[in-house]
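Structure file structure-v9.csv (CSV, C-alpha atoms) is printed below.
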chain,number,residue,atom,x,y,z
A,1,MET,CA,0.0,0.0,0.0
A,2,ALA,CA,3.0,2.3,-0.4
A,3,TRP,CA,1.7,3.7,-3.6
A,4,LEU,CA,-1.5,4.8,-1.8
A,5,GLN,CA,0.5,6.8,0.7
A,6,ASP,CA,2.5,8.3,-2.2
A,7,LEU,CA,-0.7,9.2,-4.0
A,8,SER,CA,-2.2,10.9,-0.9
A,9,ALA,CA,1.0,12.8,-0.4
A,10,ILE,CA,1.0,14.0,-4.0
A,11,ILE,CA,-2.7,15.0,-3.7
A,12,SER,CA,-2.1,16.9,-0.4
A,13,ILE,CA,0.6,18.9,-2.1
A,14,LEU,CA,-1.1,19.5,-5.4
A,15,VAL,CA,-4.8,19.8,-4.5
A,16,TYR,CA,-5.8,20.0,-0.8
A,17,PRO,CA,-4.4,21.7,1.4
A,18,GLY,CA,-1.7,22.4,-1.2
A,19,LEU,CA,-1.4,24.5,-4.3
A,20,THR,CA,-4.8,24.4,-6.0
A,21,PHE,CA,-6.7,25.1,-2.8
A,22,LEU,CA,-4.4,27.9,-1.8
A,23,VAL,CA,-4.5,29.6,-5.3
A,24,LEU,CA,-8.3,29.4,-5.3
A,25,LEU,CA,-8.2,30.8,-1.7
A,26,SER,CA,-6.0,33.7,-2.8
A,27,LEU,CA,-8.5,34.6,-5.6
A,28,PHE,CA,-11.3,34.5,-3.1
A,29,TYR,CA,-9.4,36.7,-0.7
A,30,GLU,CA,-8.8,39.2,-3.4
A,31,TRP,CA,-12.6,39.4,-3.9
A,32,VAL,CA,-13.1,39.8,-0.1
A,33,ASP,CA,-10.6,42.5,0.0
A,34,ARG,CA,-12.0,44.4,-3.0
A,35,LYS,CA,-15.6,44.0,-1.8
A,36,PHE,CA,-14.8,45.1,1.8
A,37,VAL,CA,-12.8,48.2,0.7
A,38,ALA,CA,-15.5,49.1,-1.8
A,39,ARG,CA,-18.2,48.9,1.0
A,40,LEU,CA,-16.0,51.1,3.2
A,41,GLN,CA,-15.8,53.7,0.5
A,42,ASN,CA,-19.6,53.5,-0.3
A,43,ARG,CA,-19.1,51.7,-3.6
A,44,TYR,CA,-20.4,48.3,-4.6
A,45,GLY,CA,-17.2,46.7,-5.8
A,46,PRO,CA,-17.3,43.7,-8.2
A,47,LEU,CA,-21.0,42.9,-8.9
A,48,TYR,CA,-21.7,41.1,-12.2
A,49,THR,CA,-19.4,38.0,-12.5
A,50,GLY,CA,-21.0,35.3,-10.4
A,51,PRO,CA,-23.0,35.9,-7.3
A,52,SER,CA,-21.9,39.3,-5.9
A,53,GLY,CA,-19.0,39.3,-8.3
A,54,ILE,CA,-17.2,36.5,-6.5
A,55,LEU,CA,-15.7,35.2,-9.8
A,56,GLN,CA,-14.3,38.6,-10.8
A,57,PRO,CA,-10.6,38.0,-9.8
A,58,PHE,CA,-10.7,34.6,-11.6
A,59,ALA,CA,-12.2,36.3,-14.7
A,60,ASP,CA,-9.5,39.0,-14.5
A,61,ILE,CA,-6.8,36.3,-14.5
A,62,VAL,CA,-8.4,34.4,-17.4
A,63,LYS,CA,-8.8,37.6,-19.4
A,64,LEU,CA,-5.1,38.6,-18.9
A,65,LEU,CA,-4.0,35.1,-19.8
A,66,SER,CA,-5.8,35.3,-23.1
A,67,LYS,CA,-4.5,38.7,-24.1
A,68,GLU,CA,-1.5,39.6,-26.3
A,69,ASP,CA,1.8,39.4,-24.5
A,70,ILE,CA,3.9,42.4,-25.7
A,71,GLU,CA,7.6,42.5,-25.1
A,72,PRO,CA,9.3,45.9,-25.8
A,73,GLY,CA,12.5,45.7,-27.9
A,74,GLU,CA,14.8,47.1,-25.3
A,75,VAL,CA,14.0,44.8,-22.4
A,76,ASP,CA,16.5,42.3,-20.9
A,77,ARG,CA,14.8,39.2,-22.2
A,78,VAL,CA,16.0,36.6,-19.8
A,79,LEU,CA,15.3,38.6,-16.7
A,80,PHE,CA,12.0,39.9,-18.1
A,81,ARG,CA,10.7,36.4,-18.7
A,82,THR,CA,12.1,34.8,-15.5
A,83,VAL,CA,10.8,37.3,-13.0
A,84,PRO,CA,7.0,36.6,-13.3
A,85,ILE,CA,7.6,32.8,-13.0
A,86,LEU,CA,9.9,33.2,-10.0
A,87,ILE,CA,7.8,35.8,-8.3
A,88,LEU,CA,4.8,33.4,-8.3
A,89,ALA,CA,6.8,30.3,-7.5
A,90,LEU,CA,8.5,31.7,-4.4
A,91,PRO,CA,5.4,32.6,-2.3
A,92,LEU,CA,3.8,29.3,-3.4
A,93,SER,CA,6.7,27.3,-2.0
A,94,GLY,CA,6.5,29.4,1.1
A,95,LEU,CA,2.9,28.4,1.6
A,96,LEU,CA,3.8,24.8,1.8
A,97,VAL,CA,5.6,25.3,5.1
A,98,LEU,CA,2.6,27.0,6.7
A,99,PRO,CA,0.2,24.9,8.7
A,100,VAL,CA,-3.2,25.0,7.0
A,101,ASN,CA,-5.4,22.1,8.0
A,102,SER,CA,-3.4,20.6,10.8
A,103,GLN,CA,-0.8,21.8,13.3
A,104,ILE,CA,2.0,20.4,11.2
A,105,ALA,CA,2.7,21.9,7.8
A,106,LEU,CA,3.1,19.8,4.7
A,107,MET,CA,6.8,20.5,4.4
A,108,ALA,CA,7.7,21.4,8.0
A,109,PHE,CA,11.4,21.4,8.8
A,110,GLU,CA,13.5,23.0,11.6
A,111,GLY,CA,14.3,26.6,10.5
A,112,ASP,CA,11.5,27.1,8.0
A,113,LEU,CA,10.7,30.5,9.5
A,114,VAL,CA,14.0,31.8,8.3
A,115,PHE,CA,13.3,30.2,5.0
A,116,ILE,CA,10.0,32.2,4.7
A,117,ILE,CA,11.8,35.4,5.6
A,118,PHE,CA,14.4,34.7,2.9
A,119,LEU,CA,11.6,34.1,0.4
A,120,LEU,CA,10.0,37.4,1.2
A,121,THR,CA,13.3,39.2,0.8
A,122,LEU,CA,13.9,37.4,-2.5
A,123,VAL,CA,10.4,38.5,-3.8
A,124,ALA,CA,11.3,42.1,-3.0
A,125,ALA,CA,14.6,41.8,-4.8
A,126,LEU,CA,12.7,40.4,-7.8
A,127,VAL,CA,10.5,43.5,-7.8
A,128,PHE,CA,13.7,45.5,-8.4
A,129,LEU,CA,14.9,43.2,-11.1
A,130,ALA,CA,11.6,43.4,-12.9
A,131,GLY,CA,11.8,47.2,-12.9
A,132,TYR,CA,15.4,47.1,-14.0
A,133,ALA,CA,14.8,44.6,-16.8
A,134,SER,CA,11.9,46.4,-18.4
A,135,ALA,CA,14.2,49.4,-19.4
A,136,ASN,CA,11.4,51.8,-18.9
A,137,ARG,CA,11.6,55.1,-16.9
A,138,PHE,CA,8.5,54.3,-14.8
A,139,GLY,CA,9.6,50.7,-14.3
A,140,THR,CA,13.1,51.7,-13.2
A,141,ILE,CA,11.8,54.3,-10.7
A,142,GLY,CA,9.3,51.8,-9.4
A,143,GLY,CA,12.0,49.2,-9.0
A,144,LEU,CA,14.3,51.6,-7.2
A,145,ARG,CA,11.6,52.6,-4.8
A,146,GLY,CA,10.9,48.9,-4.2
A,147,ALA,CA,14.5,48.3,-3.3
A,148,LEU,CA,14.6,51.3,-1.0
A,149,GLN,CA,11.4,50.4,0.7
A,150,MET,CA,12.7,46.9,1.3
A,151,LEU,CA,15.8,48.4,3.0
A,152,GLY,CA,13.3,50.1,5.3
A,153,TYR,CA,10.9,47.3,6.3
A,154,GLU,CA,13.0,44.2,6.1
A,155,VAL,CA,14.9,44.7,9.4
A,156,PRO,CA,11.9,45.4,11.7
A,157,LEU,CA,9.9,42.6,10.0
A,158,SER,CA,12.7,40.0,10.6
A,159,VAL,CA,13.3,41.2,14.2
A,160,SER,CA,9.6,41.1,15.1
A,161,LEU,CA,9.0,37.7,13.4
A,162,ILE,CA,11.9,36.2,15.5
A,163,GLY,CA,10.0,37.2,18.7
A,164,PRO,CA,7.5,34.3,18.6
A,165,ALA,CA,10.4,32.0,17.7
A,166,VAL,CA,12.3,33.0,20.8
A,167,MET,CA,9.2,32.6,23.0
A,168,ALA,CA,8.5,29.1,21.6
A,169,GLY,CA,12.1,28.1,21.5
A,170,SER,CA,12.0,26.9,17.9
A,171,LEU,CA,12.6,28.4,14.5
A,172,SER,CA,9.9,26.2,12.9
A,173,VAL,CA,6.5,27.6,12.2
A,174,SER,CA,4.7,24.3,13.0
A,175,LYS,CA,6.5,24.0,16.3
A,176,ILE,CA,5.5,27.6,17.3
A,177,VAL,CA,1.9,26.7,16.5
A,178,GLN,CA,2.2,23.5,18.6
A,179,TRP,CA,3.7,25.6,21.5
A,180,GLN,CA,0.8,27.9,21.4
A,181,THR,CA,-1.7,25.0,21.5
A,182,ARG,CA,0.2,23.3,24.3
A,183,THR,CA,0.3,26.4,26.6
A,184,GLY,CA,-3.1,27.7,25.4
A,185,LEU,CA,-1.8,31.2,25.0
A,186,TRP,CA,-1.8,33.1,21.7
A,187,ILE,CA,1.5,35.0,21.3
A,188,ILE,CA,-0.3,38.2,20.3
A,189,LEU,CA,-1.4,38.5,24.0
A,190,MET,CA,2.3,38.8,25.0
A,191,GLN,CA,3.6,40.6,21.9
A,192,PRO,CA,1.0,43.0,20.7
A,193,VAL,CA,3.7,45.4,19.5
A,194,GLY,CA,5.4,42.7,17.5
A,195,PHE,CA,2.1,41.9,15.8
A,196,ALA,CA,1.4,45.6,14.9
A,197,ILE,CA,4.9,46.0,13.5
A,198,SER,CA,4.6,42.8,11.4
A,199,VAL,CA,1.2,44.0,10.0
A,200,LEU,CA,2.7,47.3,9.0
A,201,CYS,CA,5.8,45.7,7.4
A,202,PHE,CA,3.6,43.2,5.6
A,203,LEU,CA,1.6,46.1,4.2
A,204,ALA,CA,4.9,47.4,2.8
A,205,GLU,CA,5.9,43.9,1.5
A,206,LEU,CA,2.5,43.5,-0.2
A,207,GLU,CA,2.7,47.1,-1.6
A,208,ARG,CA,-0.7,48.0,-0.3
A,209,ILE,CA,-2.0,51.5,0.1
A,210,PRO,CA,-0.1,53.3,2.8
A,211,PHE,CA,3.1,51.8,1.3
A,212,ASP,CA,2.2,51.2,-2.4
A,213,ILE,CA,5.1,53.5,-3.3
A,214,PRO,CA,6.7,51.2,-5.9
A,215,GLU,CA,3.6,51.0,-8.0
A,216,ALA,CA,2.0,54.4,-7.2
A,217,GLU,CA,-0.5,54.7,-10.1
A,218,THR,CA,-1.0,58.5,-9.8
A,219,GLU,CA,2.8,59.2,-10.1
A,220,ILE,CA,4.5,56.5,-12.1
A,221,VAL,CA,1.7,54.6,-14.0
A,222,ALA,CA,2.1,51.1,-12.6
A,223,GLY,CA,5.7,51.4,-11.3
A,224,TRP,CA,7.8,48.2,-11.9
A,225,MET,CA,4.8,46.5,-13.6
A,226,THR,CA,4.4,49.1,-16.3
A,227,GLU,CA,5.9,47.1,-19.2
A,228,TYR,CA,4.3,43.8,-18.3
A,229,SER,CA,1.2,42.6,-20.2
A,230,GLY,CA,-0.7,39.5,-21.0
A,231,ARG,CA,0.4,36.2,-19.4
A,232,LYS,CA,3.2,37.8,-17.5
A,233,LEU,CA,0.9,40.4,-15.9
A,234,ALA,CA,-1.5,37.6,-15.0
A,235,LEU,CA,1.3,35.8,-13.2
A,236,LEU,CA,2.3,39.0,-11.3
A,237,ARG,CA,-1.3,39.6,-10.3
A,238,LEU,CA,-1.7,36.0,-9.0
A,239,ALA,CA,1.6,36.3,-7.2
A,240,GLY,CA,0.4,39.4,-5.3
A,241,ASP,CA,-2.7,37.5,-4.2
A,242,VAL,CA,-0.7,34.4,-3.2
A,243,GLU,CA,1.7,36.6,-1.2
A,244,MET,CA,-1.3,38.1,0.6
A,245,VAL,CA,-2.4,34.6,1.7
A,246,LEU,CA,1.2,33.9,2.7
A,247,ALA,CA,1.2,37.0,4.9
A,248,CYS,CA,-2.2,36.3,6.5
A,249,GLY,CA,-1.2,32.7,7.1
A,250,LEU,CA,2.1,33.5,8.6
A,251,LEU,CA,0.7,36.1,11.0
A,252,THR,CA,-2.1,33.6,11.9
A,253,ALA,CA,0.4,30.9,12.6
A,254,LEU,CA,2.9,33.0,14.6
A,255,TYR,CA,0.6,35.3,16.6
A,256,LEU,CA,-2.9,34.0,16.5
A,257,GLY,CA,-2.4,30.3,17.4
A,258,GLY,CA,-2.6,28.9,13.9
A,259,PRO,CA,-5.2,26.3,12.9
A,260,ALA,CA,-5.5,24.8,16.4
A,261,ALA,CA,-9.0,23.7,16.9
A,262,PRO,CA,-10.8,21.4,19.4
A,263,THR,CA,-11.4,18.7,16.8
A,264,PRO,CA,-9.0,18.1,13.9
A,265,TRP,CA,-11.6,18.5,11.1
A,266,LEU,CA,-12.4,22.0,12.4
A,267,SER,CA,-8.8,23.2,11.8
A,268,ILE,CA,-9.4,24.4,8.3
A,269,VAL,CA,-12.4,26.5,9.5
A,270,TRP,CA,-10.2,28.0,12.3
A,271,PHE,CA,-7.5,28.8,9.7
A,272,LEU,CA,-10.0,30.5,7.4
A,273,VAL,CA,-11.6,32.5,10.2
A,274,LYS,CA,-8.2,33.8,11.5
A,275,THR,CA,-6.7,34.5,8.1
A,276,LEU,CA,-9.9,36.4,7.1
A,277,ALA,CA,-9.6,38.5,10.3
A,278,VAL,CA,-6.0,39.4,9.4
A,279,LEU,CA,-7.1,40.1,5.8
A,280,LEU,CA,-9.8,42.5,7.1
A,281,ILE,CA,-7.2,44.3,9.2
A,282,PHE,CA,-5.1,44.8,6.0
A,283,SER,CA,-8.1,46.0,4.0
A,284,ASN,CA,-9.2,48.3,6.7
A,285,LEU,CA,-5.8,50.0,6.9
A,286,ARG,CA,-5.7,50.2,3.1
A,287,SER,CA,-8.9,52.2,3.0
A,288,LEU,CA,-7.9,54.4,6.0
A,289,PHE,CA,-4.6,55.8,4.8
A,290,ALA,CA,-3.2,57.8,2.0
A,291,ARG,CA,0.2,57.0,0.4
A,292,PHE,CA,3.4,58.0,2.2
A,293,ARG,CA,6.4,59.4,0.4
A,294,ILE,CA,9.4,57.1,0.0
A,295,ASP,CA,11.6,59.2,2.4
A,296,GLN,CA,8.9,59.3,5.0
A,297,MET,CA,8.4,55.6,4.8
A,298,VAL,CA,12.1,54.6,5.1
A,299,SER,CA,12.9,57.1,7.8
A,300,GLY,CA,9.8,56.2,9.7
A,301,CYS,CA,10.8,52.5,9.6
A,302,TRP,CA,14.2,53.2,10.9
A,303,LYS,CA,13.3,55.8,13.5
A,304,TYR,CA,10.2,54.1,15.0
A,305,LEU,CA,9.7,50.5,13.9
A,306,VAL,CA,13.3,49.2,14.3
A,307,PRO,CA,13.7,50.5,17.9
A,308,LEU,CA,10.2,49.3,18.8
A,309,ALA,CA,10.9,45.8,17.4
A,310,LEU,CA,14.2,45.6,19.2
A,311,LEU,CA,12.5,46.7,22.4
A,312,GLN,CA,9.9,44.0,21.9
A,313,LEU,CA,12.6,41.4,21.4
A,314,ILE,CA,14.4,42.5,24.6
A,315,VAL,CA,11.1,42.2,26.6
A,316,VAL,CA,10.5,38.8,25.1
A,317,GLU,CA,14.0,37.7,26.2
A,318,LEU,CA,13.4,38.9,29.7
A,319,MET,CA,10.0,37.1,29.8
A,320,VAL,CA,11.5,33.9,28.6
A,321,GLY,CA,14.4,34.1,31.1
A,322,PRO,CA,17.8,32.4,30.9
B,323,MET,CA,26.3,7.9,-3.2
B,324,TRP,CA,23.9,10.5,-4.7
B,325,ILE,CA,24.9,12.9,-2.0
B,326,ASP,CA,28.5,12.7,-3.2
B,327,THR,CA,27.4,13.5,-6.7
B,328,VAL,CA,25.2,16.4,-5.5
B,329,GLN,CA,28.0,17.7,-3.4
B,330,GLY,CA,30.5,17.6,-6.3
B,331,ALA,CA,28.0,19.4,-8.5
B,332,LEU,CA,27.4,22.0,-5.9
B,333,LEU,CA,31.2,22.6,-5.4
B,334,ILE,CA,31.7,23.0,-9.1
B,335,LEU,CA,28.7,25.4,-9.2
B,336,VAL,CA,30.1,27.5,-6.4
B,337,CYS,CA,33.4,27.8,-8.2
B,338,VAL,CA,31.7,28.7,-11.5
B,339,LEU,CA,29.4,31.3,-9.9
B,340,ALA,CA,32.2,32.8,-7.8
B,341,THR,CA,34.3,33.3,-11.0
B,342,LEU,CA,31.2,34.7,-12.8
B,343,ALA,CA,30.6,37.2,-9.9
B,344,ILE,CA,34.1,38.6,-10.5
B,345,GLU,CA,34.3,38.4,-14.3
B,346,LEU,CA,30.8,39.5,-15.5
B,347,PRO,CA,30.9,43.0,-16.9
B,348,ASP,CA,27.3,43.8,-16.0
B,349,LEU,CA,27.2,44.6,-12.2
B,350,LEU,CA,23.6,43.4,-11.8
B,351,TYR,CA,24.4,39.9,-13.3
B,352,ALA,CA,27.5,39.8,-11.1
B,353,ILE,CA,25.3,40.3,-8.0
B,354,ILE,CA,22.9,37.6,-9.2
B,355,ALA,CA,25.8,35.2,-9.6
B,356,LEU,CA,27.0,36.1,-6.1
B,357,GLY,CA,23.5,35.4,-4.7
B,358,GLY,CA,23.4,32.1,-6.5
B,359,MET,CA,26.8,31.3,-5.0
B,360,ALA,CA,25.5,32.0,-1.5
B,361,ILE,CA,22.5,29.8,-2.1
B,362,ALA,CA,24.8,27.0,-3.4
B,363,VAL,CA,27.1,27.3,-0.3
B,364,GLY,CA,24.0,27.3,1.9
B,365,SER,CA,22.8,24.0,0.3
B,366,LEU,CA,26.3,22.5,0.9
B,367,PHE,CA,26.0,23.4,4.6
B,368,TRP,CA,22.5,21.8,4.6
B,369,LEU,CA,23.9,18.6,3.1
B,370,LEU,CA,26.7,18.6,5.7
B,371,ASN,CA,24.0,18.5,8.5
B,372,ALA,CA,24.5,22.1,9.6
B,373,PRO,CA,20.9,23.4,9.0
B,374,TYR,CA,21.3,26.6,11.1
B,375,VAL,CA,24.5,27.7,9.3
B,376,ALA,CA,22.8,26.9,6.0
B,377,LEU,CA,19.7,29.0,6.8
B,378,PHE,CA,21.7,32.0,8.1
B,379,GLU,CA,24.1,31.8,5.2
B,380,ILE,CA,21.1,32.0,2.9
B,381,LEU,CA,19.3,34.7,4.9
B,382,ILE,CA,22.2,37.0,5.4
B,383,TYR,CA,24.3,36.5,2.3
B,384,ALA,CA,21.7,35.6,-0.3
B,385,GLY,CA,19.2,38.0,1.3
B,386,ALA,CA,20.4,41.0,3.1
B,387,VAL,CA,23.8,41.5,1.5
B,388,ILE,CA,22.4,41.1,-2.0
B,389,VAL,CA,19.8,43.7,-1.2
B,390,LEU,CA,22.5,46.1,0.0
B,391,PHE,CA,24.5,45.5,-3.2
B,392,ILE,CA,21.4,46.0,-5.4
B,393,THR,CA,20.6,49.4,-3.7
B,394,ALA,CA,24.3,50.4,-4.2
B,395,VAL,CA,24.1,49.3,-7.9
B,396,MET,CA,21.0,51.4,-8.5
B,397,LEU,CA,23.1,54.5,-7.9
B,398,THR,CA,25.4,53.6,-10.8
B,399,LYS,CA,24.9,54.0,-14.5
B,400,ARG,CA,24.3,50.9,-16.6
B,401,ARG,CA,26.8,50.2,-19.4
B,402,SER,CA,25.0,50.1,-22.7
Show me this structure written as structure tokens.
Amino acid sequence: MAWLQDLSAIISILVYPGLTFLVLLSLFYEWVDRKFVARLQNRYGPLYTGPSGILQPFADIVKLLSKEDIEPGEVDRVLFRTVPILILALPLSGLLVLPVNSQIALMAFEGDLVFIIFLLTLVAALVFLAGYASANRFGTIGGLRGALQMLGYEVPLSVSLIGPAVMAGSLSVSKIVQWQTRTGLWIILMQPVGFAISVLCFLAELERIPFDIPEAETEIVAGWMTEYSGRKLALLRLAGDVEMVLACGLLTALYLGGPAAPTPWLSIVWFLVKTLAVLLIFSNLRSLFARFRIDQMVSGCWKYLVPLALLQLIVVELMVGP
Amino acid sequence: MWIDTVQGALLILVCVLATLAIELPDLLYAIIALGGMAIAVGSLFWLLNAPYVALFEILIYAGAVIVLFITAVMLTKRRS
């Protein structure tokens, strides 16, 4: 019966709770986000495709996939073609180490928290490469802003994400979730500052409104995405959605106790409820704020977020004890 | 046995990428080669049963240092 186990392993990676499920979930979350922000701004949001427009993100992706893919003559072809593939593949592989329907992730290994942080850095570096490769003024400026912004938010994000790891005594996301289940305490109760800093930094990582400086539509068209069209743009859009699920899932696992439910089959419901709560925090902030300037963003990160994150880490160390 | 083969391949890859990082005329590609070298060294550490060294090699060298280099390169002019 070895082949049956192999088959179920393959299905769990490819279908549920693996890639297919997570991609569909990311499209659904984009709809929730758009609808919620629209209601906050007294608009209707997507309305016609499917019930209440629930199929709109899917329709957008299909439409982009079927459109003509234009490649300007001046672009750096290798980079220009590799970036959309990598930028989708990296968050997807990060999702496999997140616990979704049980306390242990599909690909859990010791140190996978560092692996996720590295993936997030790499995605931000790819944003710069995309802008650089497209040989376009708006693209280059967007890419430069992306790299500068990453210099701002990366340090506080890493420091505050290490906080839960110190508390649980492990660098594995699954083990942090298990620690929270065992002690019955959510880490957000002990590290509210760390959670707030992570939410702010993930807003910058996801390029959402207070920090959508690299793709500011009103200033630089679409920033680093200006030259992308057709299939490549579809991949970039999907990558943004998948990254949003990754951010929500990571915050849920590290701070909100992860998918730990009284009965095992409820885990997925717990996961969905908690990630939706985090998503609504993101959407709420998105409709509350206006865009910062790049210098305000970077200096704010270094002046306020880094000291706060370090302070949080010191407090955690004192709480854990020697 | 396959571990020996993979190790050998990774060692060759490290040498090739390190040479490329020095020799490539385009600064950006040199940085990408350096990042690839850091990832290859990290995987070598992983194969040698040193997961923490591997992870921090990848996080610091292939992540943070590369980002610093990229922000430095963006202040230069690209050779056409």
Region 323-326 of chain B surroundings by only C-alpha atoms, 12 Å radius, close-in-sequence under 2 positions cut, as a PyMOL selection string: chain B and resi 328-333+365-366+368-371
Save the residues we just selected, C-alpha atoms, as a short mmCIF file (atom, residue, chain, number, x, y, z; two decimals), in the frame of the given file?
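Result went into again_34.cif, see below:
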data_model
loop_
_atom_site.label_atom_id
_atom_site.label_comp_id
_atom_site.auth_asym_id
_atom_site.auth_seq_id
_atom_site.Cartn_x
_atom_site.Cartn_y
_atom_site.Cartn_z
CA VAL B 328 25.20 16.40 -5.50
CA GLN B 329 28.00 17.70 -3.40
CA GLY B 330 30.50 17.60 -6.30
CA ALA B 331 28.00 19.40 -8.50
CA LEU B 332 27.40 22.00 -5.90
CA LEU B 333 31.20 22.60 -5.40
CA SER B 365 22.80 24.00 0.30
CA LEU B 366 26.30 22.50 0.90
CA TRP B 368 22.50 21.80 4.60
CA LEU B 369 23.90 18.60 3.10
CA LEU B 370 26.70 18.60 5.70
CA ASN B 371 24.00 18.50 8.50
#
Would you list the residues near (3.5, 37.6, 15.6) (no more than 8 Å away, in the coordinates of the file, using only C-alpha atoms) as an MDAnalysis selection string? chainID A and resid 160:161 163:164 187:188 191:192 194:195 198 251:256
Residues of chain A within 8 Å of chain B, using all atoms listed in the file, as a list in words? Glu110, Gly111, Val114, Phe115, Ile117, Phe118, Thr121, Leu122, Ala125, Leu144, Ala147, Leu148 and Leu151 of chain A
So which residues fall inside 10 Å of (9.3, 43.7, 10.2) if we count all atoms listed in the file? Mind giving them as a JSON list (two decimals) with C-alpha atoms, in the coordinates of the input?
[["chain", "number", "residue", "atom", "x", "y", "z"],
["A", 117, "ILE", "CA", 11.80, 35.40, 5.60],
["A", 152, "GLY", "CA", 13.30, 50.10, 5.30],
["A", 153, "TYR", "CA", 10.90, 47.30, 6.30],
["A", 154, "GLU", "CA", 13.00, 44.20, 6.10],
["A", 155, "VAL", "CA", 14.90, 44.70, 9.40],
["A", 156, "PRO", "CA", 11.90, 45.40, 11.70],
["A", 157, "LEU", "CA", 9.90, 42.60, 10.00],
["A", 158, "SER", "CA", 12.70, 40.00, 10.60],
["A", 159, "VAL", "CA", 13.30, 41.20, 14.20],
["A", 160, "SER", "CA", 9.60, 41.10, 15.10],
["A", 161, "LEU", "CA", 9.00, 37.70, 13.40],
["A", 162, "ILE", "CA", 11.90, 36.20, 15.50],
["A", 194, "GLY", "CA", 5.40, 42.70, 17.50],
["A", 195, "PHE", "CA", 2.10, 41.90, 15.80],
["A", 196, "ALA", "CA", 1.40, 45.60, 14.90],
["A", 197, "ILE", "CA", 4.90, 46.00, 13.50],
["A", 198, "SER", "CA", 4.60, 42.80, 11.40],
["A", 199, "VAL", "CA", 1.20, 44.00, 10.00],
["A", 200, "LEU", "CA", 2.70, 47.30, 9.00],
["A", 201, "CYS", "CA", 5.80, 45.70, 7.40],
["A", 202, "PHE", "CA", 3.60, 43.20, 5.60],
["A", 204, "ALA", "CA", 4.90, 47.40, 2.80],
["A", 205, "GLU", "CA", 5.90, 43.90, 1.50],
["A", 301, "CYS", "CA", 10.80, 52.50, 9.60],
["A", 305, "LEU", "CA", 9.70, 50.50, 13.90],
["A", 306, "VAL", "CA", 13.30, 49.20, 14.30],
["A", 309, "ALA", "CA", 10.90, 45.80, 17.40]]
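CA of Ser170 (chain A) is positioned 27.3 Å from CA of Trp302 (chain A).
Once Pro259 (chain A) and its same-chain neighbours fewer than 2 positions away are set aside, Ser267, Trp270 and Phe271 of chain A remain within 6 Å of it when counting only C-alpha atoms.
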Would you save the residues of that selection, restricted to C-alpha atoms, as a PDB file, in the coordinates of the input?
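Ended up saving to out.pdb:
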ATOM      1  CA  SER A 267      -8.800  23.200  11.800  1.00  0.00           C
ATOM      2  CA  TRP A 270     -10.200  28.000  12.300  1.00  0.00           C
ATOM      3  CA  PHE A 271      -7.500  28.800   9.700  1.00  0.00           C
TER       4      PHE A 271
END
Would you save region 252-274 of chain A to a file, keeping C-alpha atoms, as a PDB file, in the first residue's frame?
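Final output, decode-v1.pdb:
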ATOM      1  CA  THR A 252      -2.057  33.628  11.942  1.00  0.00           C
ATOM      2  CA  ALA A 253       0.440  30.871  12.632  1.00  0.00           C
ATOM      3  CA  LEU A 254       2.922  33.011  14.554  1.00  0.00           C
ATOM      4  CA  TYR A 255       0.635  35.276  16.576  1.00  0.00           C
ATOM      5  CA  LEU A 256      -2.929  33.957  16.518  1.00  0.00           C
ATOM      6  CA  GLY A 257      -2.387  30.325  17.442  1.00  0.00           C
ATOM      7  CA  GLY A 258      -2.617  28.917  13.933  1.00  0.00           C
ATOM      8  CA  PRO A 259      -5.176  26.294  12.906  1.00  0.00           C
ATOM      9  CA  ALA A 260      -5.453  24.756  16.373  1.00  0.00           C
ATOM     10  CA  ALA A 261      -9.049  23.652  16.879  1.00  0.00           C
ATOM     11  CA  PRO A 262     -10.808  21.438  19.441  1.00  0.00           C
ATOM     12  CA  THR A 263     -11.399  18.730  16.809  1.00  0.00           C
ATOM     13  CA  PRO A 264      -9.026  18.062  13.894  1.00  0.00           C
ATOM     14  CA  TRP A 265     -11.571  18.518  11.113  1.00  0.00           C
ATOM     15  CA  LEU A 266     -12.371  22.030  12.397  1.00  0.00           C
ATOM     16  CA  SER A 267      -8.770  23.158  11.847  1.00  0.00           C
ATOM     17  CA  ILE A 268      -9.393  24.404   8.330  1.00  0.00           C
ATOM     18  CA  VAL A 269     -12.368  26.505   9.539  1.00  0.00           C
ATOM     19  CA  TRP A 270     -10.198  28.030  12.270  1.00  0.00           C
ATOM     20  CA  PHE A 271      -7.496  28.769   9.695  1.00  0.00           C
ATOM     21  CA  LEU A 272     -10.002  30.460   7.359  1.00  0.00           C
ATOM     22  CA  VAL A 273     -11.566  32.545  10.150  1.00  0.00           C
ATOM     23  CA  LYS A 274      -8.241  33.755  11.511  1.00  0.00           C
TER      24      LYS A 274
END
